[in-house]
Structure formats: structure tokens, C-alpha cells
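Student: Sharing final01.tsv below, TSV, C-alpha atoms:
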```tsv
chain	number	residue	atom	x	y	z
A	1	MET	CA	13.41	1.69	-24.47
A	2	ASN	CA	16.40	0.21	-26.25
A	3	ARG	CA	16.63	-3.32	-27.63
A	4	TRP	CA	18.68	-4.59	-24.70
A	5	PHE	CA	16.10	-3.46	-22.13
A	6	CYS	CA	13.19	-4.93	-24.09
A	7	HIS	CA	15.04	-8.24	-24.51
A	8	LYS	CA	15.85	-8.38	-20.80
A	9	PHE	CA	12.24	-7.53	-19.90
A	10	ARG	CA	10.85	-10.28	-22.13
A	11	ARG	CA	13.29	-12.86	-20.77
A	12	SER	CA	12.30	-12.09	-17.19
A	13	VAL	CA	8.59	-12.75	-17.72
A	14	ASP	CA	7.51	-16.14	-16.43
A	15	PRO	CA	7.02	-18.46	-19.49
A	16	GLY	CA	3.96	-19.93	-17.81
A	17	LEU	CA	2.21	-16.55	-17.90
A	18	LEU	CA	2.99	-16.15	-21.58
A	19	ILE	CA	1.48	-19.57	-22.28
A	20	CYS	CA	-1.67	-18.62	-20.35
A	21	ALA	CA	-1.86	-15.34	-22.30
A	22	ALA	CA	-1.57	-17.23	-25.58
A	23	LEU	CA	-4.36	-19.65	-24.58
A	24	ALA	CA	-6.58	-16.75	-23.55
A	25	ALA	CA	-5.87	-14.99	-26.84
A	26	LEU	CA	-6.95	-18.10	-28.76
A	27	ALA	CA	-10.31	-17.85	-27.04
A	28	LEU	CA	-10.96	-14.35	-28.43
A	29	PRO	CA	-14.00	-14.08	-30.70
A	30	VAL	CA	-12.90	-13.77	-34.33
A	31	HIS	CA	-15.39	-11.09	-35.38
A	32	ALA	CA	-15.33	-9.01	-32.19
A	33	HIS	CA	-15.55	-5.22	-32.25
A	34	ALA	CA	-12.09	-3.76	-31.54
A	35	GLN	CA	-11.37	-0.43	-29.87
A	36	PHE	CA	-8.09	1.27	-28.95
A	37	THR	CA	-7.82	3.88	-26.17
A	38	GLY	CA	-4.67	5.89	-25.52
A	39	HIS	CA	-3.55	8.60	-23.12
A	40	ALA	CA	-0.41	10.65	-22.45
A	41	SER	CA	0.72	13.18	-19.86
A	42	ALA	CA	3.81	15.14	-18.82
A	43	THR	CA	4.58	16.36	-15.28
A	44	GLY	CA	7.03	18.84	-13.79
A	45	THR	CA	7.57	19.09	-10.01
A	46	TYR	CA	9.40	21.36	-7.58
A	47	GLU	CA	9.95	20.00	-4.05
A	48	SER	CA	11.78	21.24	-0.95
A	49	ASN	CA	12.81	18.91	1.91
A	50	SER	CA	14.19	20.19	5.24
A	51	ASN	CA	15.96	16.87	6.02
A	52	VAL	CA	16.73	15.00	2.81
A	53	PHE	CA	18.73	12.20	4.44
A	54	ALA	CA	16.23	11.66	7.32
A	55	LEU	CA	18.98	12.20	9.91
A	56	ASN	CA	18.72	12.62	13.65
A	57	SER	CA	18.84	16.22	14.89
A	58	GLY	CA	22.43	17.45	14.97
A	59	SER	CA	23.79	14.49	12.98
A	60	SER	CA	25.91	14.93	9.87
A	61	PRO	CA	28.01	12.48	7.84
A	62	ALA	CA	31.70	12.34	8.69
A	63	GLY	CA	34.04	13.93	6.17
A	64	SER	CA	31.38	16.18	4.61
A	65	PRO	CA	32.41	19.80	5.28
A	66	ASP	CA	29.79	21.22	2.88
A	67	PHE	CA	26.99	19.00	4.16
A	68	ARG	CA	23.49	20.49	4.14
A	69	ARG	CA	20.42	18.87	5.67
A	70	SER	CA	17.95	20.56	3.35
A	71	ASP	CA	17.72	20.53	-0.42
A	72	THR	CA	15.34	21.07	-3.29
A	73	TYR	CA	14.87	19.22	-6.53
A	74	PHE	CA	13.19	19.66	-9.88
A	75	SER	CA	11.75	16.64	-11.63
A	76	TYR	CA	10.08	16.07	-14.95
A	77	GLY	CA	8.51	12.98	-16.42
A	78	ALA	CA	5.97	11.53	-18.80
A	79	VAL	CA	3.35	8.77	-18.88
A	80	LEU	CA	2.16	6.96	-21.98
A	81	GLY	CA	-0.50	4.28	-21.91
A	82	GLY	CA	-3.13	2.53	-23.91
A	83	SER	CA	-5.55	-0.36	-24.03
A	84	TYR	CA	-6.91	-2.49	-26.86
A	85	LEU	CA	-10.40	-3.83	-26.32
A	86	LEU	CA	-11.46	-6.77	-28.47
A	87	GLY	CA	-14.85	-8.06	-27.48
A	88	ARG	CA	-14.62	-8.87	-23.76
A	89	GLN	CA	-10.82	-9.12	-23.76
A	90	GLU	CA	-8.50	-6.19	-23.07
A	91	LEU	CA	-4.78	-5.78	-23.68
A	92	PHE	CA	-3.21	-2.87	-21.78
A	93	ALA	CA	0.20	-1.26	-21.33
A	94	THR	CA	1.58	1.76	-19.47
A	95	ALA	CA	5.10	3.21	-19.42
A	96	SER	CA	6.34	6.14	-17.34
A	97	THR	CA	9.65	7.77	-16.51
A	98	GLN	CA	10.71	10.59	-14.17
A	99	GLU	CA	14.05	12.34	-13.79
A	100	PHE	CA	15.11	14.04	-10.52
A	101	LYS	CA	17.65	16.88	-10.39
A	102	TYR	CA	18.82	17.99	-6.92
A	103	GLN	CA	20.14	21.52	-6.53
A	104	HIS	CA	22.87	20.81	-3.95
A	105	ASP	CA	23.24	17.04	-3.44
A	106	THR	CA	23.71	16.30	-7.13
A	107	GLN	CA	24.92	12.78	-6.28
A	108	LEU	CA	21.24	12.00	-5.62
A	109	ASP	CA	20.21	12.75	-9.22
A	110	ASN	CA	18.40	9.73	-10.60
A	111	THR	CA	15.89	8.53	-13.16
A	112	GLY	CA	12.99	6.27	-12.26
A	113	TYR	CA	10.71	4.31	-14.54
A	114	ASN	CA	7.75	1.94	-14.55
A	115	VAL	CA	6.64	-0.43	-17.30
A	116	ASP	CA	3.43	-2.43	-16.93
A	117	ALA	CA	1.62	-4.60	-19.49
A	118	GLY	CA	-0.96	-7.34	-19.35
A	119	LEU	CA	-4.22	-8.92	-20.43
A	120	LYS	CA	-7.67	-8.83	-18.83
A	121	TRP	CA	-9.71	-11.74	-20.12
A	122	LYS	CA	-13.21	-13.20	-19.77
A	123	LEU	CA	-14.62	-16.54	-20.85
A	124	GLY	CA	-18.39	-16.55	-20.55
A	125	ASP	CA	-20.08	-15.17	-17.45
A	126	SER	CA	-18.34	-17.37	-14.89
A	127	LEU	CA	-14.63	-17.17	-15.65
A	128	ASP	CA	-12.31	-14.14	-15.80
A	129	GLY	CA	-8.77	-13.20	-14.91
A	130	GLN	CA	-5.77	-11.02	-15.51
A	131	LEU	CA	-2.13	-11.55	-16.48
A	132	ASP	CA	0.30	-8.76	-15.68
A	133	ALA	CA	4.06	-8.13	-15.88
A	134	SER	CA	5.75	-5.01	-14.54
A	135	ARG	CA	9.19	-3.58	-13.92
A	136	THR	CA	9.93	-0.56	-11.71
A	137	HIS	CA	13.06	1.37	-10.78
A	138	SER	CA	13.02	4.06	-8.09
A	139	MET	CA	15.01	5.75	-5.33
A	140	VAL	CA	14.66	4.25	-1.83
A	141	PRO	CA	13.55	6.88	0.76
A	142	PHE	CA	16.27	7.55	3.32
A	143	TYR	CA	13.92	6.86	6.24
A	144	ASN	CA	13.99	3.23	5.02
A	145	LEU	CA	17.81	3.20	5.13
A	146	THR	CA	18.43	4.00	8.79
A	147	GLY	CA	21.84	2.58	9.71
A	148	LEU	CA	23.43	3.10	6.29
A	149	THR	CA	27.13	3.78	6.91
A	150	THR	CA	27.33	6.71	4.49
A	151	PRO	CA	24.14	8.40	3.23
A	152	SER	CA	24.14	7.89	-0.53
A	153	LEU	CA	21.76	7.16	-3.37
A	154	VAL	CA	20.19	3.70	-3.14
A	155	THR	CA	17.75	2.49	-5.79
A	156	VAL	CA	15.52	-0.57	-5.99
A	157	THR	CA	14.58	-2.40	-9.17
A	158	GLU	CA	11.68	-4.85	-9.05
A	159	GLN	CA	10.43	-7.26	-11.69
A	160	ARG	CA	7.01	-8.78	-10.95
A	161	GLU	CA	4.71	-11.22	-12.76
A	162	THR	CA	1.13	-11.63	-11.53
A	163	ALA	CA	-1.79	-13.89	-12.46
A	164	GLN	CA	-5.39	-13.58	-11.21
A	165	LEU	CA	-8.35	-15.89	-11.71
A	166	GLY	CA	-12.03	-15.57	-10.79
A	167	ILE	CA	-14.56	-18.41	-10.95
A	168	LYS	CA	-18.25	-17.74	-10.35
A	169	LEU	CA	-19.74	-20.96	-8.99
A	170	ASN	CA	-23.34	-19.68	-8.89
A	171	SER	CA	-25.20	-16.47	-8.11
A	172	ASP	CA	-23.89	-16.38	-4.52
A	173	TRP	CA	-20.53	-18.18	-4.46
A	174	GLN	CA	-17.27	-17.35	-6.19
A	175	VAL	CA	-13.62	-18.36	-5.91
A	176	LYS	CA	-10.76	-15.93	-6.47
A	177	GLY	CA	-7.12	-16.93	-6.90
A	178	SER	CA	-3.93	-14.95	-7.43
A	179	ALA	CA	-0.21	-15.63	-7.59
A	180	PHE	CA	2.92	-13.61	-8.19
A	181	THR	CA	6.67	-13.93	-8.50
A	182	SER	CA	9.06	-11.03	-7.97
A	183	LYS	CA	12.74	-10.20	-7.86
A	184	SER	CA	14.00	-7.04	-6.16
A	185	GLU	CA	17.54	-5.71	-6.48
A	186	GLN	CA	18.59	-3.08	-3.94
A	187	PRO	CA	22.37	-2.61	-4.01
A	188	THR	CA	23.94	-0.53	-1.22
A	189	PRO	CA	27.54	0.58	-0.68
A	190	ASP	CA	27.92	-2.10	2.01
A	191	VAL	CA	26.04	-4.86	0.13
A	192	PRO	CA	26.33	-4.18	-3.62
A	193	ASN	CA	24.60	-7.43	-4.68
A	194	LEU	CA	21.64	-7.45	-2.30
A	195	GLN	CA	18.55	-9.17	-3.77
A	196	LEU	CA	15.21	-10.56	-2.66
A	197	THR	CA	13.13	-13.08	-4.63
A	198	GLN	CA	9.57	-13.92	-3.59
A	199	THR	CA	6.66	-16.09	-4.71
A	200	SER	CA	3.14	-16.04	-3.32
A	201	GLY	CA	-0.25	-17.67	-3.89
A	202	ARG	CA	-3.66	-16.72	-2.49
A	203	THR	CA	-7.13	-18.32	-2.65
A	204	THR	CA	-10.36	-16.69	-1.49
A	205	LEU	CA	-13.87	-18.18	-1.22
A	206	GLU	CA	-16.64	-15.55	-1.03
A	207	TYR	CA	-20.39	-15.65	-0.42
A	208	SER	CA	-22.55	-12.71	-1.55
A	209	GLY	CA	-25.95	-13.85	-0.31
A	210	PHE	CA	-26.03	-11.38	2.61
A	211	GLY	CA	-27.35	-8.44	0.60
A	212	ALA	CA	-24.91	-5.51	0.66
A	213	ILE	CA	-22.29	-7.58	2.51
A	214	THR	CA	-19.98	-10.13	0.91
A	215	GLY	CA	-18.05	-12.42	3.26
A	216	GLY	CA	-15.57	-15.24	2.93
A	217	VAL	CA	-12.30	-16.85	3.90
A	218	MET	CA	-8.79	-16.43	2.52
A	219	ALA	CA	-5.61	-18.51	2.67
A	220	GLU	CA	-2.19	-17.38	1.46
A	221	TYR	CA	1.28	-18.89	1.30
A	222	SER	CA	4.45	-17.04	0.33
A	223	SER	CA	8.16	-17.77	0.37
A	224	GLY	CA	11.31	-15.86	-0.41
A	225	ASN	CA	15.06	-15.78	-0.29
A	226	TYR	CA	17.64	-13.06	0.35
A	227	SER	CA	20.94	-13.23	-1.50
A	228	GLY	CA	24.07	-11.18	-2.07
A	229	ALA	CA	24.81	-10.31	1.57
A	230	ASN	CA	27.79	-12.73	1.69
A	231	GLY	CA	27.95	-12.64	5.46
A	232	THR	CA	27.95	-8.81	5.66
A	233	ASN	CA	27.07	-7.69	9.19
A	234	GLY	CA	26.51	-11.32	10.11
A	235	ALA	CA	23.80	-11.82	7.47
A	236	SER	CA	23.36	-15.40	6.27
A	237	ASN	CA	21.10	-14.83	3.24
A	238	PRO	CA	18.13	-16.54	4.94
A	239	SER	CA	15.17	-18.04	3.11
A	240	PHE	CA	11.71	-17.68	4.66
A	241	SER	CA	8.11	-18.79	4.34
A	242	GLN	CA	4.90	-17.17	5.52
A	243	THR	CA	1.31	-18.42	5.85
A	244	THR	CA	-1.83	-16.37	6.42
A	245	ALA	CA	-5.46	-17.35	7.06
A	246	ALA	CA	-8.18	-14.72	7.37
A	247	PHE	CA	-11.86	-13.85	7.20
A	248	VAL	CA	-12.69	-11.22	4.56
A	249	ALA	CA	-15.71	-8.96	4.10
A	250	HIS	CA	-16.87	-6.22	1.71
A	251	TYR	CA	-19.77	-3.81	2.13
A	252	ASN	CA	-21.22	-1.34	-0.37
A	253	HIS	CA	-24.13	0.98	0.29
A	254	VAL	CA	-25.38	4.24	-1.20
A	255	ARG	CA	-23.07	6.47	0.87
A	256	SER	CA	-20.72	4.12	2.70
A	257	SER	CA	-18.45	1.19	1.93
A	258	PHE	CA	-15.80	-0.84	3.65
A	259	ASP	CA	-13.35	-3.54	2.69
A	260	GLY	CA	-11.65	-5.57	5.40
A	261	SER	CA	-10.02	-8.74	6.62
A	262	VAL	CA	-8.82	-10.16	9.93
A	263	GLY	CA	-6.66	-13.23	10.40
A	264	TYR	CA	-3.38	-14.64	11.59
A	265	SER	CA	0.05	-14.78	9.94
A	266	ARG	CA	3.10	-16.86	10.79
A	267	ARG	CA	6.59	-16.35	9.36
A	268	SER	CA	9.66	-18.55	9.80
A	269	SER	CA	13.16	-18.58	8.29
A	270	SER	CA	15.78	-21.20	7.52
A	271	ASP	CA	18.23	-19.97	10.16
A	272	GLY	CA	15.71	-18.82	12.79
A	273	SER	CA	16.70	-15.15	12.40
A	274	ASP	CA	13.36	-14.11	10.89
A	275	LYS	CA	10.60	-15.70	12.95
A	276	THR	CA	7.44	-13.87	13.93
A	277	SER	CA	3.66	-14.28	14.05
A	278	GLY	CA	0.55	-12.40	15.06
A	279	VAL	CA	-2.88	-11.04	14.16
A	280	THR	CA	-2.94	-9.36	10.75
A	281	GLY	CA	-5.60	-7.70	8.65
A	282	SER	CA	-6.92	-4.43	7.29
A	283	LEU	CA	-10.02	-2.27	7.21
A	284	ALA	CA	-10.74	0.59	4.80
A	285	PHE	CA	-13.89	2.67	5.32
A	286	THR	CA	-15.31	5.43	3.10
A	287	ASP	CA	-18.32	7.65	3.75
A	288	GLN	CA	-19.75	10.33	1.47
A	289	LEU	CA	-20.62	12.94	4.11
A	290	THR	CA	-22.09	15.42	1.63
A	291	PRO	CA	-22.26	15.58	-2.16
A	292	LYS	CA	-18.90	17.40	-2.08
A	293	THR	CA	-17.20	15.96	1.01
A	294	SER	CA	-16.00	12.43	1.71
A	295	PHE	CA	-14.23	10.83	4.66
A	296	THR	CA	-11.91	7.81	4.61
A	297	ALA	CA	-10.31	5.84	7.43
A	298	ASN	CA	-8.09	2.79	7.37
A	299	ILE	CA	-6.21	0.53	9.74
A	300	ALA	CA	-3.90	-2.35	8.88
A	301	ARG	CA	-1.41	-4.77	10.38
A	302	SER	CA	0.87	-6.90	8.22
A	303	ILE	CA	4.19	-8.75	8.21
A	304	ASN	CA	6.37	-7.56	5.32
A	305	SER	CA	9.85	-8.24	3.99
A	306	TYR	CA	12.50	-5.62	4.78
A	307	ILE	CA	15.23	-6.12	2.21
A	308	PHE	CA	17.71	-3.60	3.68
A	309	ASN	CA	18.25	-5.75	6.80
A	310	GLN	CA	17.47	-9.13	5.18
A	311	GLY	CA	14.60	-9.56	7.62
A	312	SER	CA	10.97	-8.59	8.21
A	313	VAL	CA	8.97	-5.73	9.66
A	314	ILE	CA	5.58	-5.82	11.38
A	315	ASP	CA	3.72	-2.74	10.16
A	316	SER	CA	0.72	-1.39	12.07
A	317	THR	CA	-0.82	1.69	10.45
A	318	ALA	CA	-3.87	3.92	10.90
A	319	GLY	CA	-4.93	6.85	8.80
A	320	VAL	CA	-7.78	9.30	8.20
A	321	ALA	CA	-8.43	11.74	5.37
A	322	VAL	CA	-11.07	14.29	4.37
A	323	ASN	CA	-11.60	15.21	0.72
A	324	TRP	CA	-13.57	18.27	-0.37
A	325	GLN	CA	-14.50	18.62	-4.04
A	326	ALA	CA	-15.31	22.32	-3.94
A	327	THR	CA	-15.93	22.64	-7.68
A	328	TYR	CA	-15.15	20.73	-10.82
A	329	ARG	CA	-11.85	22.62	-10.96
A	330	LEU	CA	-10.84	22.64	-7.29
A	331	ALA	CA	-10.39	19.89	-4.69
A	332	VAL	CA	-8.75	19.95	-1.25
A	333	SER	CA	-7.61	17.00	0.87
A	334	ALA	CA	-6.12	16.70	4.34
A	335	GLY	CA	-4.98	13.57	6.13
A	336	TYR	CA	-3.02	12.04	8.98
A	337	THR	CA	-1.14	8.72	9.13
A	338	PHE	CA	0.23	6.92	12.18
A	339	GLU	CA	2.65	3.99	11.84
A	340	TYR	CA	3.99	1.61	14.47
A	341	ARG	CA	6.81	-0.49	12.97
A	342	ASN	CA	8.47	-3.41	14.76
A	343	PHE	CA	11.72	-4.81	13.30
A	344	PRO	CA	12.39	-8.15	15.12
A	345	GLY	CA	16.05	-8.58	16.10
A	346	GLN	CA	17.21	-5.53	14.13
A	347	GLY	CA	17.89	-3.03	16.91
A	348	ASN	CA	21.22	-1.61	18.06
A	349	ASN	CA	20.39	-0.80	21.68
A	350	PRO	CA	21.61	-3.45	22.37
A	351	VAL	CA	22.53	-5.14	19.10
A	352	GLY	CA	20.04	-7.89	18.30
A	353	SER	CA	17.14	-6.37	20.22
A	354	ASP	CA	13.83	-5.52	18.61
A	355	ARG	CA	13.71	-2.11	16.95
A	356	VAL	CA	10.51	-0.07	17.22
A	357	ASP	CA	9.70	3.01	15.12
A	358	ILE	CA	6.74	5.34	15.61
A	359	GLN	CA	6.12	7.55	12.58
A	360	GLU	CA	3.51	10.28	12.14
A	361	SER	CA	2.66	12.29	9.05
A	362	PRO	CA	-0.02	14.97	8.54
A	363	THR	CA	-0.53	15.87	4.87
A	364	MET	CA	-2.39	18.43	2.81
A	365	ALA	CA	-2.86	18.82	-0.94
A	366	ILE	CA	-4.81	21.02	-3.35
A	367	VAL	CA	-5.77	19.93	-6.85
A	368	TYR	CA	-6.62	22.77	-9.19
A	369	ARG	CA	-7.61	22.25	-12.83
A	370	PRO	CA	-7.82	25.65	-14.55
A	371	LEU	CA	-8.04	23.97	-17.95
A	372	ARG	CA	-9.16	20.52	-19.03
A	373	TRP	CA	-5.59	19.62	-20.00
A	374	LEU	CA	-3.76	21.30	-17.07
A	375	LEU	CA	-3.62	20.18	-13.42
A	376	ILE	CA	-1.78	22.11	-10.68
A	377	ARG	CA	-1.16	20.35	-7.35
A	378	PRO	CA	0.52	22.15	-4.42
A	379	TYR	CA	1.17	19.86	-1.44
A	380	ALA	CA	2.84	19.76	1.99
A	381	ASN	CA	3.53	17.17	4.68
A	382	ILE	CA	5.40	16.84	7.95
A	383	GLN	CA	6.98	13.54	8.93
A	384	THR	CA	8.39	12.67	12.35
A	385	ARG	CA	9.79	9.45	13.79
A	386	ARG	CA	10.67	8.29	17.29
A	387	SER	CA	12.79	5.13	17.39
A	388	THR	CA	14.50	2.76	19.81
A	389	PHE	CA	17.27	2.55	17.19
A	390	VAL	CA	20.14	4.83	18.26
A	391	GLY	CA	20.23	7.60	15.66
A	392	GLY	CA	16.78	6.72	14.34
A	393	HIS	CA	14.89	9.87	15.40
A	394	PHE	CA	14.17	12.34	12.63
A	395	SER	CA	11.74	14.97	11.38
A	396	GLN	CA	11.32	16.61	8.01
A	397	ASN	CA	9.08	19.18	6.37
A	398	VAL	CA	8.25	18.72	2.72
A	399	TYR	CA	6.39	21.04	0.40
A	400	GLY	CA	6.15	21.30	-3.34
A	401	VAL	CA	4.02	21.84	-6.40
A	402	SER	CA	3.51	19.79	-9.55
A	403	PHE	CA	2.15	20.71	-12.97
A	404	THR	CA	0.63	18.05	-15.21
A	405	VAL	CA	-0.35	18.46	-18.84
A	406	SER	CA	-2.46	15.61	-20.19
A	407	THR	CA	-4.24	14.65	-23.36
A	408	SER	CA	-7.82	13.47	-23.42
A	409	GLU	CA	-8.27	9.78	-24.15
A	410	LYS	CA	-8.14	8.97	-27.85
A	411	ARG	CA	-10.41	6.19	-29.08
A	412	ARG	CA	-10.24	4.41	-32.36
A	413	ALA	CA	-12.74	1.68	-33.20
A	414	ARG	CA	-12.78	-0.77	-36.05
A	415	GLN	CA	-14.36	-4.04	-37.07
```
Spit out the file's structure as C-alpha cells when you get a sec.
Tutor:
Amino acid sequence: MNRWFCHKFRRSVDPGLLICAALAALALPVHAHAQFTGHASATGTYESNSNVFALNSGSSPAGSPDFRRSDTYFSYGAVLGGSYLLGRQELFATASTQEFKYQHDTQLDNTGYNVDAGLKWKLGDSLDGQLDASRTHSMVPFYNLTGLTTPSLVTVTEQRETAQLGIKLNSDWQVKGSAFTSKSEQPTPDVPNLQLTQTSGRTTLEYSGFGAITGGVMAEYSSGNYSGANGTNGASNPSFSQTTAAFVAHYNHVRSSFDGSVGYSRRSSSDGSDKTSGVTGSLAFTDQLTPKTSFTANIARSINSYIFNQGSVIDSTAGVAVNWQATYRLAVSAGYTFEYRNFPGQGNNPVGSDRVDIQESPTMAIVYRPLRWLLIRPYANIQTRRSTFVGGHFSQNVYGVSFTVSTSEKRRARQ
């Protein structure tokens, strides 16, 4: 990281979070036992994709005589992280970077990164929280860019600041609160200054007096604003707000656990172009079938921002997976995901109609650890999509293998 990047990163962090971090630091015990833990890893990956640009069968960009649907890439990257534990307080930081080199479509070569740092703090037995700031930069998958005039590299850069707070009222009742601010920049050839800023706050009241089940209620409010479209394709840079109320529940037993919520969300925008509502929620279930085999299932429905079209998408997903830990060195997983995505007012058949995508993806992966410091992971998946958007159908086969070399955690303690 050069000085300019670090200066920009520090300037973008919400001053209020820094003040809270300083106050929490003042509460640290003076003579606490300190301990530092660090870790590092390096990864190399080979991947082949039969349809890199997620195009409809038979489609090819105009003016591209050497166009190929398939391509392979090599990538390499590194992760460096650490935490500093002082009494009951913990400072942590992680930085990672990954470079992608395509063999044919070299215009897609890119470098992604992630920087994350924060503080986990506790004051007594009834008050705890976390402050976190992160910045990520990555390539946008082409299946999220359907309708792009000319298939080309599009990246998204997001800066996010998050604060969490937990208050234990008594042995059965607790209040949890969280808030975040974020700014996402996703320039495209048609809209080079496209941005989305968002803020959100959530409060949850939970009761744990039901034994293995914890239940409660949750309320959330979020708002955001698109900018940079400048009237492109009729876009008006709308602002929006969204409210959600839900019941939440958690269950933990010897072999099984679930975490879920069910509620209602309503979204409205300043110009009426982004208005939707409906039942939302999620359920994640895990069961340890045998000492070596586990099963997971999840369903979810949510209203999310879709920056590419300056609008929203209603995502309904369901997935199952089976994980088999054959030995300490070998694990195998297989899964299937189904997605039903509704894009209100973003269709082209006719223009202004609702667009509906149905995506399916079976996956399989093997994790093999021949040595404590070496992990080998071959993987494969098939992704298909049927869409009411003209030109939105696609299918692709992906397979690859990654090699990760990692160090064991290094601990250093001092008074």
C-alpha cells in the first residue's frame, strides 16, 4: 500500500467510528495481558470457463472477428492478517490481493484487493461491540452485466464502515444494534461515473428463555442514492429508502441448528421508479448426519440494490449442500443453488416491464491437505439462466484448481 492509498483510506472512514474506537481504547485495562496472533498465505489458481462473458447461445459482440466464448486464467494472490489481544479487547486487520491473467481476453486482466481492520471491544459482562472499516475492489461477474453494450471489464470498489453494539439486559434479554455506511463505485463504458451510497441501521430485541431457542423482533431502516448516470438510458439518479420488520429465531442443539427470520420489507424511491414490497426473510439449517457428514439447507428472500440499472432486485434463493470430511486430509462437498430474481421495471420485452431470471448452479469441490501448510482444492460448477430479458439466457461450465500455502498462526505474548 502506498501513502496515497493509505491517506485516502483513512479519510474515508467515518470520524464518528474513530471517536468510538478511541473511547473504547481508553477503557482498556492498563495492566492487561497482551497477545499478538498473525497468519499469512499465498494462493495460485487455474480456471477454465466455457462462456466467460455469460452470453446467449450463438451471440457474439459486433466487430470482434477473433472473439472466443471460452477462456482460461491464472491467478495468484496473498493474504496477510493479524490480531492484537489486550485483555478483553481485540484489534484486528486483514489485507489480501489477487491478480488475474487471462490467456486470450487479456483486456480482462485485473487485480483485486481487500483491506479490513477494526476493534472488538467488551466493557464488563453486559456490553460489547465491534467497529470495522473495509475497502474492496473486484471484477463484476458478467452475468450481473446483462445488457452491457460491449462486453468489457467492469470493476466495483466499495468502502464500508460498520458499527455493532450488544447490550445484555439480564440473563434472558438482550438488545443488538448495528449500522453501516457504504459507497460503491462501478464505472461502465456507458456510465463512467456510476456510484451508489447507502446507510442502514438495525435494532434487534432477543429473548433466550426458551431453552435451546432464542427468539425476538428486528427493525431495520436503510436509505441510498444513485449518482453519475446523468440521464443515461433515462436514469434519473433516484434516491430510495427501505424499511424492514421481522421476527427472528435461533436454535442450537447437539446435532442440529438453524438461524432464521421472517418479516416484511417496503422500498420506495424519490421518482417512483424503484418501488416494491413483499415478504422477506431467511432460514439456514445445519444437521450433523454422522461424525463425518453434515447437511446444510437455506432459503432466503430479500430486496437488494442493483447498481448496474440504478434500481433494485428481489432475490429468492434456495440451496442445499452435503459435506463429507473423509479424513483429516480430505473433504468433499457437493451442492445445488436455485435463484429466482425479479428486476422491477428493468425488462426489455417490452421496455419497462419486469425482468425475471431463473438461475441454477450445481457445484462440487474437493479439499485435500497433503501437508499441514499445503491445501489443494479442485472444483467445478455449472451455471444456467433462463430470462425474460431478450438475450439474457446463458450457460457456462467452470472448472479449476487452486493451491494454497499457509503459515501456522504465530503468537507472541507479553505483559
Student: Measuring atom to atom with all atoms listed in the file, identify which of A:Tyr226, A:Arg385, A:Ala93, A:His393 is nearest to Ser312 in chain A.
Tutor: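 Smallest separation from Ser312 in chain A among the options: A:Tyr226.
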Student: So which residues are close to (15.8, 8.2, -10.4), meaning at most 12 Å away in the file's coordinates with all atoms listed in the file counted, and can you show them as JSON, numbers by chain?
Tutor: {"A": [73, 74, 75, 76, 77, 96, 97, 98, 99, 100, 101, 102, 106, 107, 108, 109, 110, 111, 112, 113, 114, 136, 137, 138, 139, 140, 141, 153, 154, 155, 156, 157]}
Student: Could you tell me how far CA of Gly38 in chain A lies from CA of Thr407 in chain A, in Å and to one decimal?
Tutor: 9.0 Å
Student: Suppose you want the space between CA of Leu119 in chain A and CA of Thr244 in chain A; what is it in Å?
Tutor: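 Straight-line distance from CA of Leu119 in chain A to CA of Thr244 in chain A works out to 28.0 Å.
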Student: Taking 6 positions as the minimum chain separation for residues in the same chain, which residues sit within 9 Å of Ala300 in chain A when counting all atoms listed in the file? Answer as a VMD selection string.
Tutor: chain A and resid 280 to 284 315 to 318
Student: Let me see the file: selected residues, C-alpha atoms, as an mmCIF file, keeping the file's coordinate frame.
Tutor:
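That gives us result_5.cif:
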```cif
data_model
loop_
_atom_site.group_PDB
_atom_site.id
_atom_site.type_symbol
_atom_site.label_atom_id
_atom_site.label_comp_id
_atom_site.auth_asym_id
_atom_site.auth_seq_id
_atom_site.Cartn_x
_atom_site.Cartn_y
_atom_site.Cartn_z
ATOM 1 C CA THR A 280 -2.940 -9.360 10.750
ATOM 2 C CA GLY A 281 -5.600 -7.700 8.650
ATOM 3 C CA SER A 282 -6.920 -4.430 7.290
ATOM 4 C CA LEU A 283 -10.020 -2.270 7.210
ATOM 5 C CA ALA A 284 -10.740 0.590 4.800
ATOM 6 C CA ASP A 315 3.720 -2.740 10.160
ATOM 7 C CA SER A 316 0.720 -1.390 12.070
ATOM 8 C CA THR A 317 -0.820 1.690 10.450
ATOM 9 C CA ALA A 318 -3.870 3.920 10.900
#
```
Student: I'd like the interatomic distance between CA of Thr146 in chain A and CA of Asp271 in chain A, to a tenth of an Å.
Tutor: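 Calculated distance between CA of Thr146 in chain A and CA of Asp271 in chain A is 24.0 Å.
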Student: Restrict the output to range 303-312 of chain A and N, CA, C and O atoms, then write it as a compact mmCIF listing (two decimals), in the first residue's frame.
Tutor:
```txt
# COMPACT_ATOMS: atom_id res chain seq x y z
N ILE A 303 -34.80 -7.87 -0.69
CA ILE A 303 -34.83 -6.79 -1.68
C ILE A 303 -33.47 -6.09 -1.61
O ILE A 303 -33.10 -5.55 -0.57
N ASN A 304 -32.72 -6.12 -2.71
CA ASN A 304 -31.36 -5.60 -2.73
C ASN A 304 -31.20 -4.52 -3.79
O ASN A 304 -31.97 -4.46 -4.75
N SER A 305 -30.19 -3.70 -3.62
CA SER A 305 -29.88 -2.67 -4.61
C SER A 305 -29.14 -3.31 -5.79
O SER A 305 -28.30 -4.19 -5.62
N TYR A 306 -29.47 -2.86 -7.00
CA TYR A 306 -28.82 -3.35 -8.22
C TYR A 306 -28.23 -2.14 -8.93
O TYR A 306 -28.90 -1.43 -9.68
N ILE A 307 -26.96 -1.88 -8.65
CA ILE A 307 -26.32 -0.64 -9.07
C ILE A 307 -26.26 -0.52 -10.60
O ILE A 307 -26.36 0.59 -11.13
N PHE A 308 -26.11 -1.61 -11.33
CA PHE A 308 -25.95 -1.54 -12.78
C PHE A 308 -27.12 -0.85 -13.46
O PHE A 308 -26.95 -0.10 -14.42
N ASN A 309 -28.35 -1.09 -12.96
CA ASN A 309 -29.54 -0.47 -13.54
C ASN A 309 -30.13 0.62 -12.67
O ASN A 309 -31.26 1.06 -12.91
N GLN A 310 -29.39 1.08 -11.65
CA GLN A 310 -29.88 2.11 -10.73
C GLN A 310 -31.29 1.76 -10.22
O GLN A 310 -32.19 2.59 -10.21
N GLY A 311 -31.43 0.52 -9.78
CA GLY A 311 -32.73 0.06 -9.29
C GLY A 311 -32.56 -0.99 -8.21
O GLY A 311 -31.59 -0.98 -7.44
N SER A 312 -33.51 -1.92 -8.12
CA SER A 312 -33.47 -2.96 -7.10
C SER A 312 -33.75 -4.31 -7.73
O SER A 312 -34.22 -4.40 -8.87
```
